[in-house]
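The file my_file09.cif contains mmCIF, C-alpha atoms and all ligand atoms:
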data_data
loop_
_atom_site.group_PDB
_atom_site.id
_atom_site.type_symbol
_atom_site.label_atom_id
_atom_site.label_comp_id
_atom_site.auth_asym_id
_atom_site.auth_seq_id
_atom_site.Cartn_x
_atom_site.Cartn_y
_atom_site.Cartn_z
ATOM 1 C CA MET A 100 16.144 298.772 150.408
ATOM 2 C CA ILE A 101 17.439 300.598 153.465
ATOM 3 C CA ARG A 102 20.806 299.543 154.902
ATOM 4 C CA GLU A 103 23.755 300.938 156.856
ATOM 5 C CA GLU A 104 26.429 302.647 154.774
ATOM 6 C CA ASP A 105 29.565 300.802 153.627
ATOM 7 C CA PRO A 106 32.963 302.410 152.987
ATOM 8 C CA ALA A 107 32.307 301.733 149.291
ATOM 9 C CA ASP A 108 29.277 304.084 149.482
ATOM 10 C CA HIS A 109 31.176 307.225 150.512
ATOM 11 C CA ASP A 110 31.519 308.723 147.025
ATOM 12 C CA ALA A 111 27.886 308.043 146.160
ATOM 13 C CA ILE A 112 26.736 309.593 149.459
ATOM 14 C CA ARG A 113 28.865 312.666 148.765
ATOM 15 C CA ASN A 114 27.398 313.019 145.263
ATOM 16 C CA LEU A 115 23.842 312.513 146.489
ATOM 17 C CA ASN A 116 24.192 315.240 149.120
ATOM 18 C CA ARG A 117 25.713 317.633 146.580
ATOM 19 C CA GLN A 118 22.821 316.987 144.237
ATOM 20 C CA ALA A 119 20.040 317.250 146.842
ATOM 21 C CA PHE A 120 21.404 320.421 148.483
ATOM 22 C CA ASP A 121 22.897 321.966 145.355
ATOM 23 C CA GLY A 122 26.243 322.614 147.077
ATOM 24 C CA ASP A 123 29.122 321.052 148.972
ATOM 25 C CA ALA A 124 28.386 321.925 152.606
ATOM 26 C CA GLU A 125 26.294 318.887 153.592
ATOM 27 C CA ALA A 126 28.589 316.469 151.731
ATOM 28 C CA THR A 127 31.540 317.929 153.637
ATOM 29 C CA LEU A 128 29.613 317.713 156.908
ATOM 30 C CA VAL A 129 29.104 313.963 156.368
ATOM 31 C CA ASP A 130 32.819 313.448 155.670
ATOM 32 C CA ARG A 131 33.818 315.446 158.749
ATOM 33 C CA LEU A 132 31.379 313.715 161.087
ATOM 34 C CA ARG A 133 32.618 310.347 159.876
ATOM 35 C CA ALA A 134 36.259 311.369 160.327
ATOM 36 C CA SER A 135 35.567 312.612 163.858
ATOM 37 C CA GLY A 136 33.950 309.339 164.920
ATOM 38 C CA ALA A 137 30.649 311.043 165.823
ATOM 39 C CA VAL A 138 28.377 308.974 163.581
ATOM 40 C CA ILE A 139 25.730 306.908 165.371
ATOM 41 C CA VAL A 140 23.712 305.796 162.354
ATOM 42 C CA SER A 141 24.294 306.417 158.645
ATOM 43 C CA LEU A 142 21.776 304.751 156.344
ATOM 44 C CA VAL A 143 21.424 304.611 152.600
ATOM 45 C CA ALA A 144 18.377 303.870 150.466
ATOM 46 C CA VAL A 145 19.260 301.727 147.448
ATOM 47 C CA GLU A 146 17.127 301.395 144.341
ATOM 48 C CA ASN A 147 18.221 299.285 141.380
ATOM 49 C CA GLY A 148 21.768 299.318 142.728
ATOM 50 C CA ASP A 149 21.900 303.128 143.027
ATOM 51 C CA ILE A 150 22.061 305.108 146.254
ATOM 52 C CA VAL A 151 19.023 307.391 146.103
ATOM 53 C CA GLY A 152 18.771 308.426 149.746
ATOM 54 C CA HIS A 153 20.891 309.001 152.825
ATOM 55 C CA ILE A 154 20.338 309.959 156.464
ATOM 56 C CA LEU A 155 22.878 310.550 159.214
ATOM 57 C CA PHE A 156 22.560 310.743 163.000
ATOM 58 C CA SER A 157 25.536 311.884 165.084
ATOM 59 C CA ASP A 158 26.468 312.538 168.703
ATOM 60 C CA LEU A 159 26.129 315.908 170.335
ATOM 61 C CA LEU A 160 25.852 317.160 173.889
ATOM 62 C CA ILE A 161 23.340 319.276 175.758
ATOM 63 C CA GLU A 162 24.857 321.273 178.613
ATOM 64 C CA ALA A 163 21.987 321.507 181.050
ATOM 65 C CA ASN A 164 21.340 322.159 184.725
ATOM 66 C CA GLN A 165 24.980 321.455 185.634
ATOM 67 C CA ALA A 166 24.829 318.122 183.806
ATOM 68 C CA VAL A 167 25.891 317.109 180.322
ATOM 69 C CA ILE A 168 23.248 315.112 178.508
ATOM 70 C CA PRO A 169 24.068 313.013 175.454
ATOM 71 C CA ALA A 170 21.801 313.624 172.482
ATOM 72 C CA VAL A 171 21.671 313.037 168.751
ATOM 73 C CA SER A 172 21.780 315.428 165.825
ATOM 74 C CA LEU A 173 19.871 314.471 162.689
ATOM 75 C CA ALA A 174 21.781 315.995 159.749
ATOM 76 C CA PRO A 175 21.915 315.770 156.888
ATOM 77 C CA MET A 176 19.086 313.906 155.212
ATOM 78 C CA ALA A 177 18.794 313.753 151.429
ATOM 79 C CA VAL A 178 16.847 311.989 148.701
ATOM 80 C CA ALA A 179 17.868 312.310 145.048
ATOM 81 C CA PRO A 180 15.599 314.843 143.324
ATOM 82 C CA LYS A 181 14.260 312.259 140.861
ATOM 83 C CA SER A 182 13.344 309.894 143.723
ATOM 84 C CA GLN A 183 11.634 312.353 146.071
ATOM 85 C CA ARG A 184 8.024 312.111 147.294
ATOM 86 C CA ARG A 185 7.893 308.335 147.083
ATOM 87 C CA GLY A 186 8.372 307.523 150.742
ATOM 88 C CA THR A 187 12.163 307.081 150.679
ATOM 89 C CA GLY A 188 12.803 309.872 153.182
ATOM 90 C CA SER A 189 10.144 308.490 155.526
ATOM 91 C CA ALA A 190 11.597 304.965 155.344
ATOM 92 C CA LEU A 191 15.105 306.284 156.103
ATOM 93 C CA MET A 192 13.763 308.288 159.022
ATOM 94 C CA GLN A 193 11.782 305.447 160.558
ATOM 95 C CA ARG A 194 14.672 302.985 160.399
ATOM 96 C CA GLY A 195 17.149 305.627 161.573
ATOM 97 C CA LEU A 196 15.101 306.536 164.650
ATOM 98 C CA GLU A 197 14.600 302.853 165.420
ATOM 99 C CA LEU A 198 18.369 302.216 165.328
ATOM 100 C CA CYS A 199 19.116 305.286 167.463
ATOM 101 C CA ARG A 200 16.672 303.952 170.058
ATOM 102 C CA GLU A 201 18.255 300.490 169.906
ATOM 103 C CA ARG A 202 21.674 302.119 170.416
ATOM 104 C CA GLY A 203 20.507 303.658 173.659
ATOM 105 C CA LYS A 204 19.795 307.215 172.493
ATOM 106 C CA SER A 205 16.893 309.182 173.929
ATOM 107 C CA ILE A 206 16.860 312.699 172.401
ATOM 108 C CA VAL A 207 17.195 313.842 168.760
ATOM 109 C CA VAL A 208 17.396 317.455 167.547
ATOM 110 C CA VAL A 209 17.074 318.781 164.020
ATOM 111 C CA LEU A 210 17.020 322.025 162.099
ATOM 112 C CA GLY A 211 14.711 321.366 159.195
ATOM 113 C CA HIS A 212 11.521 321.886 157.259
ATOM 114 C CA PRO A 213 8.786 322.604 159.843
ATOM 115 C CA GLU A 214 6.168 320.988 157.569
ATOM 116 C CA TYR A 215 8.118 317.740 157.177
ATOM 117 C CA TYR A 216 9.697 316.630 160.472
ATOM 118 C CA PRO A 217 6.641 316.846 162.765
ATOM 119 C CA ARG A 218 5.121 313.831 160.965
ATOM 120 C CA PHE A 219 7.879 311.753 162.603
ATOM 121 C CA GLY A 220 7.268 313.215 166.059
ATOM 122 C CA PHE A 221 9.660 316.196 165.989
ATOM 123 C CA SER A 222 8.312 319.225 167.824
ATOM 124 C CA ALA A 223 9.372 322.878 167.950
ATOM 125 C CA GLU A 224 7.696 323.145 171.347
ATOM 126 C CA LEU A 225 9.961 320.435 172.799
ATOM 127 C CA ALA A 226 13.050 322.250 171.479
ATOM 128 C CA LYS A 227 12.151 325.628 172.996
ATOM 129 C CA PRO A 228 14.143 325.163 176.240
ATOM 130 C CA LEU A 229 17.231 324.216 174.179
ATOM 131 C CA GLU A 230 19.539 327.029 173.124
ATOM 132 C CA SER A 231 21.573 326.428 169.975
ATOM 133 C CA PRO A 232 23.005 328.388 167.067
ATOM 134 C CA TYR A 233 19.653 327.571 165.412
ATOM 135 C CA SER A 234 17.225 328.214 168.246
ATOM 136 C CA GLY A 235 16.420 331.685 166.907
ATOM 137 C CA LEU A 236 14.994 330.114 163.770
ATOM 138 C CA GLY A 237 11.562 329.403 165.212
ATOM 139 C CA ALA A 238 9.610 326.356 164.032
ATOM 140 C CA ALA A 239 12.573 324.921 162.097
ATOM 141 C CA TRP A 240 14.383 324.090 165.362
ATOM 142 C CA MET A 241 12.844 320.844 166.632
ATOM 143 C CA ALA A 242 13.431 317.980 169.048
ATOM 144 C CA LEU A 243 12.098 314.458 169.459
ATOM 145 C CA GLU A 244 12.069 312.152 172.472
ATOM 146 C CA LEU A 245 12.988 308.540 171.657
ATOM 147 C CA VAL A 246 12.266 307.793 175.291
ATOM 148 C CA PRO A 247 9.085 309.484 176.523
ATOM 149 C CA GLY A 248 9.899 312.247 178.997
ATOM 150 C CA ALA A 249 13.610 312.342 178.090
ATOM 151 C CA LEU A 250 13.477 316.143 177.798
ATOM 152 C CA ASP A 251 11.372 316.728 180.906
ATOM 153 C CA GLY A 252 12.843 319.573 182.922
ATOM 154 C CA ILE A 253 15.878 319.939 180.660
ATOM 155 C CA ARG A 254 16.878 323.498 179.850
ATOM 156 C CA GLY A 255 20.289 324.043 178.371
ATOM 157 C CA THR A 256 22.593 324.648 175.455
ATOM 158 C CA VAL A 257 23.151 322.286 172.562
ATOM 159 C CA ARG A 258 26.848 322.064 171.662
ATOM 160 C CA TYR A 259 27.359 321.143 168.028
ATOM 161 C CA PRO A 260 30.703 319.533 167.185
ATOM 162 C CA ALA A 261 33.206 321.513 165.110
ATOM 163 C CA ALA A 262 32.210 319.614 161.940
ATOM 164 C CA PHE A 263 29.014 321.718 161.762
ATOM 165 C CA ALA A 264 30.978 324.931 161.187
ATOM 166 C CA VAL A 265 30.837 324.027 157.495
ATOM 167 C CA LEU A 266 27.101 324.896 157.479
ATOM 168 C CA SER A 267 27.531 328.429 158.764
HETATM 169 C C1 LIG A 301 13.248 316.455 152.534
HETATM 170 C C2 LIG A 301 13.503 315.148 151.739
HETATM 171 C C3 LIG A 301 14.622 314.377 152.384
HETATM 172 C C4 LIG A 301 12.210 314.322 151.767
HETATM 173 O O1 LIG A 301 12.451 313.085 151.123
HETATM 174 P P1 LIG A 301 11.287 312.311 150.331
HETATM 175 O O2 LIG A 301 11.769 310.966 149.996
HETATM 176 O O3 LIG A 301 10.804 313.176 149.241
HETATM 177 O O4 LIG A 301 10.185 312.238 151.482
HETATM 178 P P2 LIG A 301 8.914 311.279 151.536
HETATM 179 O O5 LIG A 301 8.592 310.750 150.174
HETATM 180 O O6 LIG A 301 9.069 310.331 152.644
HETATM 181 O O7 LIG A 301 7.811 312.308 152.004
HETATM 182 C C5 LIG A 301 7.288 313.156 151.055
HETATM 183 C C6 LIG A 301 6.471 314.187 151.774
HETATM 184 O O8 LIG A 301 7.364 315.141 152.304
HETATM 185 C C7 LIG A 301 6.990 316.423 151.896
HETATM 186 N N1 LIG A 301 8.180 317.225 151.692
HETATM 187 C C8 LIG A 301 9.256 316.946 150.949
HETATM 188 N N2 LIG A 301 10.125 317.989 150.999
HETATM 189 C C9 LIG A 301 9.556 318.917 151.799
HETATM 190 C C10 LIG A 301 9.928 320.218 152.215
HETATM 191 N N3 LIG A 301 11.045 320.802 151.796
HETATM 192 N N4 LIG A 301 9.116 320.876 153.050
HETATM 193 C C11 LIG A 301 7.950 320.327 153.439
HETATM 194 N N5 LIG A 301 7.525 319.121 153.070
HETATM 195 C C12 LIG A 301 8.320 318.437 152.244
HETATM 196 C C13 LIG A 301 6.263 316.206 150.601
HETATM 197 O O9 LIG A 301 5.361 317.251 150.365
HETATM 198 C C14 LIG A 301 5.528 314.907 150.848
HETATM 199 O O10 LIG A 301 4.333 315.174 151.565
HETATM 200 P P3 LIG A 301 3.062 314.215 151.468
HETATM 201 O O11 LIG A 301 3.490 312.879 152.047
HETATM 202 O O12 LIG A 301 2.058 314.911 152.312
HETATM 203 O O13 LIG A 301 2.763 314.152 150.015
HETATM 204 C C15 LIG A 301 13.827 315.442 150.263
HETATM 205 O O14 LIG A 301 12.816 316.243 149.729
HETATM 206 C C16 LIG A 301 15.179 316.135 150.053
HETATM 207 O O15 LIG A 301 16.219 315.482 149.976
HETATM 208 N N6 LIG A 301 15.174 317.465 149.888
HETATM 209 C C17 LIG A 301 16.387 318.213 149.613
HETATM 210 C C18 LIG A 301 17.355 318.195 150.768
HETATM 211 C C19 LIG A 301 16.692 318.618 152.057
HETATM 212 O O16 LIG A 301 15.987 319.633 152.097
HETATM 213 N N7 LIG A 301 16.938 317.830 153.134
HETATM 214 C C20 LIG A 301 16.381 318.090 154.428
HETATM 215 C C21 LIG A 301 17.131 319.174 155.088
HETATM 216 S S1 LIG A 301 16.243 319.784 156.496
#
Spell out the structure here as structure tokens.
Ligand SMILES: CC(C)(COP(=O)(O)OP(=O)(O)OC[C@H]1O[C@@H](n2cnc3c(N)ncnc32)[C@H](O)[C@@H]1OP(=O)(O)O)[C@@H](O)C(=O)NCCC(=O)NCCS
Amino acid sequence: MIREEDPADHDAIRNLNRQAFDGDAEATLVDRLRASGAVIVSLVAVENGDIVGHILFSDLLIEANQAVIPAVSLAPMAVAPKSQRRGTGSALMQRGLELCRERGKSIVVVLGHPEYYPRFGFSAELAKPLESPYSGLGAAWMALELVPGALDGIRGTVRYPAAFAVLS
């Protein structure tokens, strides 16, 4: 079952991220994004009463062509090691993108596995005109249009909120 997170899920989400990433950074990122009010969508996957997956989408801005364009950061995304490769990540992604679209968002960026995210429509090519702290990382820096053409003609700099400093 995929559903939006509840306050009662916070500890389980923290533990899941620690387990999946083998460290504290992503768990802290989730806490900081929540505290800053930047969360657009935070979903959990529940199996037999346990939280086995989590995905989070948050607000960020692209400074482009003398305009500031609202966009979405996908980070982090985690499935418990024992539950991986059974479609949980894909289900979280599909529902998450759907909700972002319903909430009026049009652009999503991600730094992630170049073999995984393209199956959901993310593209390194689309992200090329977007500068970011991650844009030097080649195929791992990707973007997706929730609204076709949303990135047409946009060249600019992605400004990550302060919460992301925990990843550097
Ligand atoms: C990445 C992750 C969220 C995928 O979740 P999942 O539930 O296993 O994903 P799904 O079952 O929907 O999809 C499985 C597919 O993803 C692929 N996949 C999983 N992890 C991958 C990785 N690191 N790189 C490339 N492909 C990967 C699998 O090979 C599988 O491919 P197949 O469908 O061709 O067999 C999960 O592996 C995870 O939590 N990893 C640790 C944390 C992490 O790396 N998060 C993402 C940060 S960018």
Please write the residues picked by the PyMOL selection byres (((chain A and resi 162) around 12) and not hetatm) on this file as a short mmCIF file (atom, residue, chain, number, x, y, z; two decimals) with C-alpha atoms, in the frame of the given file.
data_model
loop_
_atom_site.label_atom_id
_atom_site.label_comp_id
_atom_site.auth_asym_id
_atom_site.auth_seq_id
_atom_site.Cartn_x
_atom_site.Cartn_y
_atom_site.Cartn_z
CA LEU A 159 26.13 315.91 170.34
CA LEU A 160 25.85 317.16 173.89
CA ILE A 161 23.34 319.28 175.76
CA ALA A 163 21.99 321.51 181.05
CA ASN A 164 21.34 322.16 184.72
CA GLN A 165 24.98 321.46 185.63
CA ALA A 166 24.83 318.12 183.81
CA VAL A 167 25.89 317.11 180.32
CA ILE A 168 23.25 315.11 178.51
CA PRO A 169 24.07 313.01 175.45
CA ALA A 170 21.80 313.62 172.48
CA PRO A 228 14.14 325.16 176.24
CA LEU A 229 17.23 324.22 174.18
CA GLU A 230 19.54 327.03 173.12
CA SER A 231 21.57 326.43 169.98
CA ILE A 253 15.88 319.94 180.66
CA ARG A 254 16.88 323.50 179.85
CA GLY A 255 20.29 324.04 178.37
CA THR A 256 22.59 324.65 175.46
CA VAL A 257 23.15 322.29 172.56
CA ARG A 258 26.85 322.06 171.66
CA TYR A 259 27.36 321.14 168.03
#
- prompt: When the cut-off is 9 Å and you count all atoms listed in the file, which residues lie near ligand LIG 301 (chain A), shown as a PyMOL selection string?
  reply: chain A and resi 115-116+118-121+151-154+173-180+182-192+209-216+239
message: For this structure, which residues satisfy the selection - the PyMOL selection byres (((chain A and resi 135-148) around 6) and not hetatm) - when it is evaluated on the file as given? I want them as a list of chain:residue names.
response: A:Met100, A:Ile101, A:Arg102, A:Glu103, A:Glu104, A:Leu132, A:Arg133, A:Ala134, A:Asp149, A:Ile150, A:Val151, A:Gly152, A:His153, A:Ile154, A:Leu155, A:Phe156, A:Ser157, A:Asp158
message: When you count only C-alpha atoms, which of these residues is closest to Ala111 of chain A: A:Ala249, A:Cys199, A:Ala126, A:Leu225?
response: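 Closest to Ala111 of chain A, using only C-alpha atoms: A:Ala126.
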Segment 174-191 of chain A: axis-aligned bounding box, 3 Å on each side, centre and edge lengths in Å, one decimal, as AutoDock Vina command-line options:
--center_x 14.9 --center_y 310.5 --center_z 150.3 --size_x 20.0 --size_y 17.0 --size_z 24.9
- request: Within 6 Å of (16.0, 315.9, 171.2) (coordinates as in the file), grab all the protein and nucleic acid residues, counting all atoms listed in the file, and write them out as a ChimeraX atom specification.
  value: /A:206-208,242-244
message: Which residue is closest to Lys204 of chain A? Choose from A:Ala226, A:Val171, A:Ala124, A:Leu236 and count all atoms listed in the file.
response: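 Ranked by minimum distance to Lys204 of chain A, first place goes to A:Val171.
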message: Measuring between all atoms listed in the file, which one of A:Pro106, A:Pro260, A:Gly203, A:Pro247 shows the shortest distance to Pro232 of chain A?
response: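 Distance minimum relative to Pro232 of chain A lands on A:Pro260.
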- request: Grab the atom CA of Arg113 of chain A to atom CA of Leu128 of chain A distance for me, in Å with one decimal place.
  value: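 Between atom CA of Arg113 of chain A and atom CA of Leu128 of chain A the gap is 9.6 Å.
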